[in-house]
Structure formats: structure tokens, C-alpha cells
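Participant: Here you go, protein.cif (mmCIF, C-alpha atoms):
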data_structure
#
loop_
_atom_site.group_PDB
_atom_site.id
_atom_site.type_symbol
_atom_site.label_atom_id
_atom_site.label_comp_id
_atom_site.auth_asym_id
_atom_site.auth_seq_id
_atom_site.Cartn_x
_atom_site.Cartn_y
_atom_site.Cartn_z
ATOM 1 C CA MET V 1 106.895 -176.564 -195.849
ATOM 2 C CA THR V 2 107.268 -172.829 -195.376
ATOM 3 C CA ASP V 3 103.770 -172.638 -193.860
ATOM 4 C CA GLN V 4 104.869 -175.260 -191.323
ATOM 5 C CA VAL V 5 107.877 -173.140 -190.408
ATOM 6 C CA LEU V 6 105.650 -170.101 -189.950
ATOM 7 C CA THR V 7 103.261 -172.137 -187.816
ATOM 8 C CA ALA V 8 106.143 -173.310 -185.677
ATOM 9 C CA ASP V 9 107.402 -169.766 -185.261
ATOM 10 C CA ILE V 10 104.009 -168.376 -184.319
ATOM 11 C CA ALA V 11 103.530 -171.268 -181.898
ATOM 12 C CA VAL V 12 106.359 -169.868 -179.805
ATOM 13 C CA GLU V 13 103.739 -167.510 -178.447
ATOM 14 C CA GLY V 14 101.808 -170.519 -177.060
ATOM 15 C CA PRO V 15 103.939 -171.003 -173.925
ATOM 16 C CA GLN V 16 103.816 -167.249 -173.345
ATOM 17 C CA ALA V 17 100.012 -167.325 -173.474
ATOM 18 C CA ARG V 18 99.963 -170.281 -171.101
ATOM 19 C CA GLY V 19 102.369 -168.418 -168.820
ATOM 20 C CA VAL V 20 100.010 -165.441 -168.748
ATOM 21 C CA TRP V 21 97.032 -167.655 -167.889
ATOM 22 C CA ALA V 22 99.025 -169.510 -165.216
ATOM 23 C CA THR V 23 99.941 -166.175 -163.644
ATOM 24 C CA VAL V 24 96.390 -164.826 -163.778
ATOM 25 C CA ARG V 25 94.631 -167.846 -162.354
ATOM 26 C CA ARG V 26 96.831 -167.812 -159.241
ATOM 27 C CA ARG V 27 95.746 -164.273 -158.381
ATOM 28 C CA VAL V 28 92.937 -163.951 -155.858
ATOM 29 C CA LEU V 29 92.704 -160.331 -156.971
ATOM 30 C CA PHE V 30 91.605 -161.605 -160.374
ATOM 31 C CA TRP V 31 88.826 -164.030 -159.421
ATOM 32 C CA LEU V 32 87.171 -161.834 -156.796
ATOM 33 C CA PRO V 33 86.666 -158.779 -159.061
ATOM 34 C CA LEU V 34 85.770 -161.107 -161.933
ATOM 35 C CA GLY V 35 82.949 -162.520 -159.804
ATOM 36 C CA VAL V 36 81.737 -159.033 -158.900
ATOM 37 C CA LEU V 37 81.897 -157.942 -162.540
ATOM 38 C CA THR V 38 80.011 -161.051 -163.673
ATOM 39 C CA ILE V 39 77.180 -160.240 -161.253
ATOM 40 C CA MET V 40 77.097 -156.639 -162.479
ATOM 41 C CA MET V 41 76.926 -157.818 -166.083
ATOM 42 C CA LEU V 42 74.026 -160.133 -165.255
ATOM 43 C CA ILE V 43 72.248 -157.271 -163.520
ATOM 44 C CA ALA V 44 72.769 -155.064 -166.573
ATOM 45 C CA VAL V 45 71.488 -157.716 -169.000
ATOM 46 C CA VAL V 46 68.468 -158.926 -167.003
ATOM 47 C CA PRO V 47 67.728 -156.384 -164.242
ATOM 48 C CA GLU V 48 64.104 -157.432 -163.650
ATOM 49 C CA PRO V 49 64.776 -160.618 -161.630
ATOM 50 C CA PHE V 50 67.290 -158.801 -159.428
ATOM 51 C CA ALA V 51 65.047 -155.754 -158.981
ATOM 52 C CA GLY V 52 62.183 -158.046 -157.988
ATOM 53 C CA LEU V 53 64.076 -159.452 -155.019
ATOM 54 C CA PHE V 54 63.017 -156.453 -152.898
ATOM 55 C CA GLY V 55 60.173 -153.975 -153.223
ATOM 56 C CA HIS V 56 58.653 -153.190 -156.593
ATOM 57 C CA PRO V 57 60.731 -154.328 -159.614
ATOM 58 C CA ASP V 58 59.649 -151.336 -161.726
ATOM 59 C CA PRO V 59 61.856 -148.285 -160.944
ATOM 60 C CA ARG V 60 59.203 -145.909 -162.320
ATOM 61 C CA VAL V 61 56.502 -146.954 -159.855
ATOM 62 C CA CYS V 62 56.590 -144.125 -157.315
ATOM 63 C CA ASP V 63 54.646 -142.916 -154.282
ATOM 64 C CA LEU V 64 55.198 -139.274 -153.295
ATOM 65 C CA SER V 65 54.084 -140.002 -149.741
ATOM 66 C CA ARG V 66 57.327 -141.985 -149.361
ATOM 67 C CA SER V 67 59.596 -139.219 -150.677
ATOM 68 C CA VAL V 68 63.175 -139.536 -149.306
ATOM 69 C CA LYS V 69 62.046 -142.122 -146.761
ATOM 70 C CA PRO V 70 64.942 -144.148 -145.317
ATOM 71 C CA PRO V 71 65.359 -147.900 -145.847
ATOM 72 C CA THR V 72 62.502 -149.997 -144.502
ATOM 73 C CA ALA V 73 61.434 -153.634 -144.580
ATOM 74 C CA GLY V 74 61.121 -154.718 -148.230
ATOM 75 C CA HIS V 75 62.896 -151.565 -149.445
ATOM 76 C CA PRO V 76 66.522 -151.929 -148.273
ATOM 77 C CA PHE V 77 67.800 -148.843 -150.124
ATOM 78 C CA GLY V 78 64.938 -146.503 -149.202
ATOM 79 C CA PHE V 79 63.153 -144.077 -151.539
ATOM 80 C CA ASP V 80 64.195 -141.096 -153.663
ATOM 81 C CA VAL V 81 62.662 -137.606 -153.988
ATOM 82 C CA GLN V 82 59.821 -138.887 -156.174
ATOM 83 C CA GLY V 83 59.097 -141.760 -153.819
ATOM 84 C CA CYS V 84 60.600 -144.335 -156.194
ATOM 85 C CA ASP V 85 62.426 -147.376 -154.864
ATOM 86 C CA VAL V 86 66.168 -146.620 -154.827
ATOM 87 C CA TYR V 87 67.078 -150.314 -155.009
ATOM 88 C CA ALA V 88 65.109 -150.801 -158.238
ATOM 89 C CA ASN V 89 66.690 -147.677 -159.725
ATOM 90 C CA VAL V 90 70.204 -148.792 -158.784
ATOM 91 C CA ILE V 91 69.640 -152.209 -160.362
ATOM 92 C CA HIS V 92 68.185 -150.783 -163.587
ATOM 93 C CA GLY V 93 70.844 -148.053 -163.673
ATOM 94 C CA ALA V 94 73.559 -150.658 -164.194
ATOM 95 C CA ARG V 95 72.476 -151.216 -167.814
ATOM 96 C CA ALA V 96 73.062 -147.655 -169.030
ATOM 97 C CA SER V 97 76.397 -147.300 -167.244
ATOM 98 C CA MET V 98 77.715 -150.646 -168.491
ATOM 99 C CA ILE V 99 76.514 -150.045 -172.067
ATOM 100 C CA VAL V 100 78.259 -146.666 -172.198
ATOM 101 C CA GLY V 101 81.496 -148.182 -170.896
ATOM 102 C CA LEU V 102 81.494 -151.216 -173.195
ATOM 103 C CA VAL V 103 80.247 -149.498 -176.371
ATOM 104 C CA CYS V 104 82.643 -146.583 -175.966
ATOM 105 C CA THR V 105 85.624 -148.889 -175.380
ATOM 106 C CA ALA V 106 84.658 -151.171 -178.289
ATOM 107 C CA ILE V 107 84.447 -148.214 -180.699
ATOM 108 C CA ALA V 108 87.662 -146.653 -179.383
ATOM 109 C CA LEU V 109 89.458 -150.009 -179.633
ATOM 110 C CA GLY V 110 88.238 -150.503 -183.206
ATOM 111 C CA ILE V 111 89.544 -147.091 -184.268
ATOM 112 C CA ALA V 112 92.797 -147.658 -182.383
ATOM 113 C CA LEU V 113 93.403 -151.014 -184.061
ATOM 114 C CA VAL V 114 92.991 -149.530 -187.530
ATOM 115 C CA VAL V 115 95.027 -146.371 -186.915
ATOM 116 C CA GLY V 116 97.698 -147.984 -184.742
ATOM 117 C CA THR V 117 98.183 -150.982 -187.023
ATOM 118 C CA LEU V 118 98.535 -148.863 -190.159
ATOM 119 C CA ALA V 119 100.930 -146.477 -188.439
ATOM 120 C CA GLY V 120 103.026 -149.210 -186.854
ATOM 121 C CA TYR V 121 103.203 -151.630 -189.784
ATOM 122 C CA VAL V 122 103.373 -149.309 -192.796
ATOM 123 C CA GLY V 123 105.447 -146.571 -191.145
ATOM 124 C CA GLY V 124 106.952 -143.740 -193.137
ATOM 125 C CA LEU V 125 104.773 -140.822 -194.218
ATOM 126 C CA LEU V 126 101.552 -142.581 -193.207
ATOM 127 C CA ASP V 127 102.933 -143.075 -189.710
ATOM 128 C CA SER V 128 103.782 -139.371 -189.463
ATOM 129 C CA ILE V 129 100.319 -138.292 -190.646
ATOM 130 C CA LEU V 130 98.475 -140.641 -188.278
ATOM 131 C CA ALA V 131 100.772 -139.646 -185.408
ATOM 132 C CA ARG V 132 99.915 -135.974 -185.915
ATOM 133 C CA LEU V 133 96.205 -136.845 -186.100
ATOM 134 C CA THR V 134 96.501 -138.717 -182.817
ATOM 135 C CA ASP V 135 98.347 -135.781 -181.238
ATOM 136 C CA ILE V 136 95.519 -133.427 -182.239
ATOM 137 C CA PHE V 137 92.957 -135.519 -180.353
ATOM 138 C CA LEU V 138 95.326 -136.006 -177.410
ATOM 139 C CA GLY V 139 95.535 -132.236 -177.187
ATOM 140 C CA PHE V 140 91.943 -132.126 -175.933
ATOM 141 C CA PRO V 141 91.506 -133.147 -172.283
ATOM 142 C CA PHE V 142 89.207 -136.182 -172.162
ATOM 143 C CA LEU V 143 86.380 -134.757 -170.055
ATOM 144 C CA LEU V 144 86.716 -131.189 -171.332
ATOM 145 C CA GLY V 145 86.465 -132.347 -174.938
ATOM 146 C CA ALA V 146 83.406 -134.453 -174.129
ATOM 147 C CA ILE V 147 81.764 -131.495 -172.359
ATOM 148 C CA VAL V 148 82.295 -129.216 -175.370
ATOM 149 C CA VAL V 149 80.824 -131.739 -177.819
ATOM 150 C CA LEU V 150 77.899 -132.771 -175.598
ATOM 151 C CA ASN V 151 76.938 -129.114 -175.103
ATOM 152 C CA THR V 152 76.390 -128.813 -178.853
ATOM 153 C CA LEU V 153 74.089 -131.845 -179.025
ATOM 154 C CA GLY V 154 70.382 -131.701 -178.382
ATOM 155 C CA SER V 155 69.954 -135.426 -177.749
ATOM 156 C CA ARG V 156 71.998 -137.271 -175.135
ATOM 157 C CA SER V 157 71.112 -140.940 -175.337
ATOM 158 C CA VAL V 158 73.266 -143.803 -174.102
ATOM 159 C CA ILE V 159 74.716 -144.358 -177.581
ATOM 160 C CA THR V 160 75.323 -140.629 -178.119
ATOM 161 C CA VAL V 161 77.290 -140.317 -174.887
ATOM 162 C CA ALA V 162 79.264 -143.472 -175.736
ATOM 163 C CA LEU V 163 80.148 -142.125 -179.197
ATOM 164 C CA VAL V 164 81.287 -138.763 -177.822
ATOM 165 C CA LEU V 165 83.470 -140.402 -175.170
ATOM 166 C CA ALA V 166 84.920 -142.789 -177.785
ATOM 167 C CA LEU V 167 85.914 -139.769 -179.872
ATOM 168 C CA PHE V 168 88.421 -138.809 -177.175
ATOM 169 C CA ALA V 169 89.294 -142.278 -175.840
ATOM 170 C CA TRP V 170 90.909 -143.881 -178.904
ATOM 171 C CA PRO V 171 94.222 -141.943 -179.195
ATOM 172 C CA THR V 172 95.840 -143.516 -176.126
ATOM 173 C CA LEU V 173 94.894 -147.009 -177.294
ATOM 174 C CA ALA V 174 96.097 -146.200 -180.822
ATOM 175 C CA ARG V 175 99.543 -145.263 -179.544
ATOM 176 C CA LEU V 176 99.752 -148.524 -177.629
ATOM 177 C CA VAL V 177 98.687 -150.520 -180.714
ATOM 178 C CA ARG V 178 101.308 -148.709 -182.818
ATOM 179 C CA THR V 179 104.054 -149.508 -180.306
ATOM 180 C CA SER V 180 103.038 -153.177 -180.093
ATOM 181 C CA VAL V 181 102.829 -153.573 -183.878
ATOM 182 C CA ARG V 182 106.218 -151.933 -184.393
ATOM 183 C CA GLY V 183 107.701 -154.450 -181.981
ATOM 184 C CA ILE V 184 106.109 -157.397 -183.785
ATOM 185 C CA ARG V 185 106.693 -156.427 -187.422
ATOM 186 C CA GLY V 186 110.413 -157.189 -187.166
ATOM 187 C CA ALA V 187 109.844 -160.730 -185.881
ATOM 188 C CA GLU V 188 111.259 -163.569 -187.990
ATOM 189 C CA TYR V 189 107.891 -165.134 -188.731
ATOM 190 C CA VAL V 190 106.526 -161.806 -190.009
ATOM 191 C CA GLN V 191 109.577 -161.334 -192.210
ATOM 192 C CA ALA V 192 109.197 -164.900 -193.505
ATOM 193 C CA ALA V 193 105.529 -164.308 -194.323
ATOM 194 C CA THR V 194 106.458 -161.114 -196.165
ATOM 195 C CA ALA V 195 109.198 -162.930 -198.124
ATOM 196 C CA MET V 196 106.651 -165.569 -199.147
ATOM 197 C CA GLY V 197 104.557 -162.824 -200.709
ATOM 198 C CA LEU V 198 101.542 -163.388 -198.472
ATOM 199 C CA PRO V 199 98.861 -160.667 -198.669
ATOM 200 C CA THR V 200 99.313 -157.860 -196.171
ATOM 201 C CA GLY V 201 95.848 -158.478 -194.751
ATOM 202 C CA ARG V 202 96.707 -162.096 -193.953
ATOM 203 C CA ILE V 203 100.022 -161.117 -192.376
ATOM 204 C CA LEU V 204 98.321 -158.566 -190.156
ATOM 205 C CA GLY V 205 95.363 -160.763 -189.240
ATOM 206 C CA GLN V 206 97.250 -164.023 -188.725
ATOM 207 C CA TYR V 207 100.678 -163.040 -187.461
ATOM 208 C CA VAL V 208 100.854 -159.410 -186.293
ATOM 209 C CA LEU V 209 97.626 -158.554 -184.483
ATOM 210 C CA PRO V 210 97.263 -161.826 -182.498
ATOM 211 C CA ASN V 211 100.672 -161.178 -180.926
ATOM 212 C CA ALA V 212 100.269 -157.414 -180.484
ATOM 213 C CA ILE V 213 96.750 -157.339 -179.052
ATOM 214 C CA GLY V 214 97.508 -158.621 -175.525
ATOM 215 C CA PRO V 215 98.768 -155.402 -173.880
ATOM 216 C CA VAL V 216 96.060 -153.429 -175.696
ATOM 217 C CA LEU V 217 93.248 -155.587 -174.297
ATOM 218 C CA ALA V 218 94.630 -155.186 -170.780
ATOM 219 C CA VAL V 219 94.547 -151.398 -171.106
ATOM 220 C CA ALA V 220 91.110 -151.551 -172.762
ATOM 221 C CA THR V 221 89.790 -153.190 -169.591
ATOM 222 C CA LEU V 222 91.032 -150.201 -167.628
ATOM 223 C CA THR V 223 89.418 -147.920 -170.208
ATOM 224 C CA VAL V 224 85.964 -149.412 -169.564
ATOM 225 C CA GLY V 225 86.206 -148.437 -165.901
ATOM 226 C CA GLY V 226 87.438 -144.968 -166.747
ATOM 227 C CA VAL V 227 84.601 -144.421 -169.211
ATOM 228 C CA ILE V 228 81.960 -145.477 -166.654
ATOM 229 C CA VAL V 229 83.394 -142.926 -164.224
ATOM 230 C CA ALA V 230 83.448 -140.280 -166.969
ATOM 231 C CA GLU V 231 79.799 -140.953 -167.866
ATOM 232 C CA SER V 232 78.765 -140.679 -164.221
ATOM 233 C CA THR V 233 80.748 -137.460 -163.842
ATOM 234 C CA LEU V 234 79.220 -135.873 -166.935
ATOM 235 C CA THR V 235 75.716 -136.924 -165.901
ATOM 236 C CA PHE V 236 76.321 -135.640 -162.377
ATOM 237 C CA LEU V 237 77.260 -132.270 -163.890
ATOM 238 C CA GLY V 238 74.089 -132.271 -166.004
ATOM 239 C CA LEU V 239 76.004 -132.820 -169.254
ATOM 240 C CA GLY V 240 75.458 -136.538 -169.796
ATOM 241 C CA LEU V 241 72.328 -138.679 -169.793
ATOM 242 C CA ARG V 242 68.966 -137.114 -169.094
ATOM 243 C CA ALA V 243 65.685 -138.414 -167.715
ATOM 244 C CA PRO V 244 63.833 -140.643 -168.452
ATOM 245 C CA SER V 245 67.115 -142.570 -168.734
ATOM 246 C CA ILE V 246 68.165 -144.404 -165.583
ATOM 247 C CA SER V 247 71.833 -144.480 -164.636
ATOM 248 C CA TRP V 248 73.997 -144.264 -161.564
ATOM 249 C CA GLY V 249 75.152 -140.809 -162.617
ATOM 250 C CA LEU V 250 71.582 -139.495 -162.740
ATOM 251 C CA GLN V 251 70.905 -140.928 -159.296
ATOM 252 C CA LEU V 252 73.999 -139.258 -157.872
ATOM 253 C CA ALA V 253 72.971 -135.968 -159.477
ATOM 254 C CA SER V 254 69.483 -136.094 -157.962
ATOM 255 C CA ALA V 255 70.880 -137.056 -154.552
ATOM 256 C CA GLN V 256 73.242 -134.111 -154.121
ATOM 257 C CA ALA V 257 70.482 -131.640 -153.207
ATOM 258 C CA VAL V 258 69.038 -133.830 -150.447
ATOM 259 C CA PHE V 259 72.149 -135.597 -149.212
ATOM 260 C CA GLN V 260 71.856 -134.335 -145.620
ATOM 261 C CA ARG V 261 68.218 -135.466 -145.363
ATOM 262 C CA ALA V 262 68.526 -138.647 -147.407
ATOM 263 C CA PRO V 263 72.157 -139.880 -147.568
ATOM 264 C CA HIS V 264 70.950 -143.303 -148.723
ATOM 265 C CA MET V 265 70.149 -141.822 -152.145
ATOM 266 C CA LEU V 266 73.862 -141.138 -152.661
ATOM 267 C CA ILE V 267 75.446 -144.023 -150.777
ATOM 268 C CA TYR V 268 73.935 -147.022 -152.560
ATOM 269 C CA PRO V 269 74.483 -145.930 -156.187
ATOM 270 C CA SER V 270 78.026 -144.963 -155.187
ATOM 271 C CA ILE V 271 78.686 -148.442 -153.784
ATOM 272 C CA PHE V 272 77.587 -150.130 -157.017
ATOM 273 C CA LEU V 273 79.546 -147.643 -159.139
ATOM 274 C CA ALA V 274 82.697 -148.040 -157.039
ATOM 275 C CA ALA V 275 82.442 -151.859 -156.983
ATOM 276 C CA THR V 276 82.108 -152.028 -160.780
ATOM 277 C CA VAL V 277 84.921 -149.595 -161.535
ATOM 278 C CA LEU V 278 87.306 -151.089 -158.961
ATOM 279 C CA SER V 279 86.637 -154.578 -160.336
ATOM 280 C CA LEU V 280 87.417 -153.451 -163.882
ATOM 281 C CA MET V 281 90.541 -151.595 -162.782
ATOM 282 C CA THR V 282 91.801 -154.559 -160.747
ATOM 283 C CA ILE V 283 91.262 -157.026 -163.602
ATOM 284 C CA GLY V 284 93.049 -154.651 -165.972
ATOM 285 C CA ASP V 285 95.995 -154.283 -163.574
ATOM 286 C CA VAL V 286 96.305 -158.072 -163.145
ATOM 287 C CA LEU V 287 96.212 -158.663 -166.903
ATOM 288 C CA ARG V 288 98.733 -155.925 -167.540
ATOM 289 C CA ASP V 289 101.147 -157.352 -164.958
ATOM 290 C CA ALA V 290 100.644 -160.908 -166.238
ATOM 291 C CA ILE V 291 101.430 -159.907 -169.822
ATOM 292 C CA ASN V 292 104.675 -158.284 -168.651
ATOM 293 C CA PRO V 293 107.184 -161.173 -168.211
ATOM 294 C CA ARG V 294 109.130 -159.236 -165.554
ATOM 295 C CA ALA V 295 106.029 -159.033 -163.355
ATOM 296 C CA ARG V 296 105.385 -162.786 -163.341
ATOM 297 C CA SER V 297 106.309 -164.688 -160.236
#
Transcribe the structure of this file into C-alpha cells.

Facilitator:
Amino acid sequence: MTDQVLTADIAVEGPQARGVWATVRRRVLFWLPLGVLTIMMLIAVVPEPFAGLFGHPDPRVCDLSRSVKPPTAGHPFGFDVQGCDVYANVIHGARASMIVGLVCTAIALGIALVVGTLAGYVGGLLDSILARLTDIFLGFPFLLGAIVVLNTLGSRSVITVALVLALFAWPTLARLVRTSVRGIRGAEYVQAATAMGLPTGRILGQYVLPNAIGPVLAVATLTVGGVIVAESTLTFLGLGLRAPSISWGLQLASAQAVFQRAPHMLIYPSIFLAATVLSLMTIGDVLRDAINPRARS
């Protein structure tokens, strides 16, 4: 009987979830960036079919006689300094940039859920200790901290860069998780579950986190876009990925020296980078507004 009461209480969140979905699906600014992001994800997962639409599908097949040549028939993005097809490089570069963004955010979100949930639900001394730990990491500027750590590493693979960025990305998410959990832990259904003597793990997994995770996921979507920009910035500065990796940041870095002679080397990777980041940011903004009841129309 008590389980039925708890189920009824937790079901109150059902109409709220439906209200969020009803708000989201009416937004043109949600479906358009979602379509762009879906295409970018497909490109990242299976770049070969997309790269084969024009020119040579292999980005490492180069011809020095075509160095910095502008776009021509069959090669719509032109050629880079090594005579490689820019279109093929842009398509294959999506994988590294997307992996860094998604892996970094997933790791940061995992850490944030553990730290934020413990701090928000347990409270007391543990909350104070975890809050100070979070403040220590927040004291390091995101990019500056990543630069310092990356300078001490000899290897800079996609996973390495993602791990370093995650090291400085989790504190903001952890604070948001803590705030959400603190707001949920006083709910009647959580208090009823505690009075029943249910295990803490079940209370957190079944009643607290499902209702606290919404705002965090919306901000995590924004984090993916921010991480992709950070990776491109670090790589552009020579502190991120290195050849033979292929990423949009590496292409922007190689294009800066020849921009006046070959602007196409900078323009096309920038378009793909901007489209991906803007799509992620727009989806995150829509989700964040939809989760906020005051923002629903």
C-alpha cells in the first residue's frame, strides 16, 4: 500500500515531463538544430560515405601540385597546404571534435552526479568538504587549467584531451546537481521512502535523481558545445590534438598562416564548427527554458 502511495506521488512528475515535451516539440528552434546535430553525428560515426560524395574519400591522399588550390569541380572545399582535399578533412575531422565533446561531458557529468548527489542529499560535514573541493577546481580558469595540464603531458590523444577538459568541467555541473538534489530531498515522497526504511541507494536512484536530473541534462548539452570550442581553441594554439589526428581545430591552426592566399582552408572548417556548436547551444537553451515552468507558453 505504501509503495502505491509513493508511486502516486512520484507520478506527479509525469504531467510536468509531458509539459516539457509539449513545450519543446512546438519550438522550431529545437527541431532545426536537432536535424543539423543528427547529420553531424552521422558524419562523425560513418564519415567515409559522406567524404566519398566529392573528391577522394581518404583525407590523407594528397597531391602537392594542388597545394592551397581553390575549390574546383569535384573538390568543393579546395585543397590545403599539403594538397589534401579540404572537404574530406572537414568530414573526418568531425569525429575527433564530437568525441572530445561527448566523452568530456559524460565524464564530467558522472563526477558531478556523484559529488553533487552526496553533497546535496547527505549534507552536513560531507557537504562542506565536497563544496570546498569544488571551489578549489572552480578557482582554476577552464582553459588556463587545461593549458597547464596539457603542457605537462607528452601524449595528446582525443581521450587525453577529453579527460583533461573533464577535470575542469565537472564543478559547475556538480553545483547544479547539489542544488537540484537539495530541492528534491525534502519532497513528501522522499520523506515517505525514508520513513519506510528503504535503502539510500534505492531512494536516490528511484526517487531523487530522476526528478533532479532534468536541469542538469539541459546544462550538459550546453557543456558539449563549450567543450568542442575549447578543444578547437587549444588545438589552434598548438596545445591540443596533434597530427596525425584530424580535427577542425588542427585545420584552423594550419589555415592561419595561409589565410590570405587560401581563405577556403579556414572558412569551411569554421562553418562546420559553428553549425555544430550553435546547434548544441540552441538545443540546450530550449531544454533549459522548457524545464523552467515560468518560461513555458

Participant: I need the residue set behind the PyMOL selection byres ((chain V and resi 69) around 10) for this file; please write it as a PyMOL selection string.

Facilitator: chain V and resi 64-68+70-72+75+77-81+83-85+261-262+264-265

Participant: List, as number ranges by chain, every residue that the PyMOL selection byres ((chain V and resi 115-128) around 12) selects in the file provided.

Facilitator: V: 108-114, 129-135, 170-187, 190-191, 194, 200-201, 203-205, 207-210, 212-213, 216

Participant: Residues picked by the PyMOL selection byres ((chain V and resi 92) around 9) here, as a short mmCIF file (atom, residue, chain, number, x, y, z; two decimals) with C-alpha atoms, in the coordinates of the input?

Facilitator:
data_model
loop_
_atom_site.label_atom_id
_atom_site.label_comp_id
_atom_site.auth_asym_id
_atom_site.auth_seq_id
_atom_site.Cartn_x
_atom_site.Cartn_y
_atom_site.Cartn_z
CA ILE V 43 72.25 -157.27 -163.52
CA ALA V 44 72.77 -155.06 -166.57
CA VAL V 46 68.47 -158.93 -167.00
CA PRO V 47 67.73 -156.38 -164.24
CA GLU V 48 64.10 -157.43 -163.65
CA ALA V 51 65.05 -155.75 -158.98
CA ASP V 58 59.65 -151.34 -161.73
CA PRO V 59 61.86 -148.28 -160.94
CA TYR V 87 67.08 -150.31 -155.01
CA ALA V 88 65.11 -150.80 -158.24
CA ASN V 89 66.69 -147.68 -159.72
CA VAL V 90 70.20 -148.79 -158.78
CA ILE V 91 69.64 -152.21 -160.36
CA GLY V 93 70.84 -148.05 -163.67
CA ALA V 94 73.56 -150.66 -164.19
CA ARG V 95 72.48 -151.22 -167.81
CA ALA V 96 73.06 -147.66 -169.03
CA ILE V 246 68.17 -144.40 -165.58
CA SER V 247 71.83 -144.48 -164.64
CA TRP V 248 74.00 -144.26 -161.56
#

Participant: Identify, on the basis of all atoms listed in the file, every residue whose closest approach to Ser279 of chain V does not exceed 8 Å; exclude the query and any residue fewer than 5 positions from it along the same chain; express the result as a PyMOL selection string.

Facilitator: chain V and resi 33-34+36-37

Participant: How would you write as a list in words the residues that get within 7 Å of (79.5, -140.9, -161.5) in the file's frame, counting all atoms listed in the file?

Facilitator: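 The residues that fall inside the cut-off are Val229, Ala230, Glu231, Ser232, Thr233, Phe236, Trp248, Gly249 and Leu252 of chain V.
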
Participant: For Phe142 of chain V, which residue out of V:Val103, V:Leu234, V:Ala73, V:His56 is the nearest one, using all atoms listed in the file?

Facilitator: V:Leu234

Participant: Do you have the atom CA of Gly74 of chain V-atom CA of Gly55 of chain V distance handy?

Facilitator: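 One can read the atom CA of Gly74 of chain V to atom CA of Gly55 of chain V distance as 5.1 Å.
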
Participant: What is the atom CA of Asp285 of chain V to atom CA of Ala162 of chain V distance in Å?

Facilitator: 23.3 Å
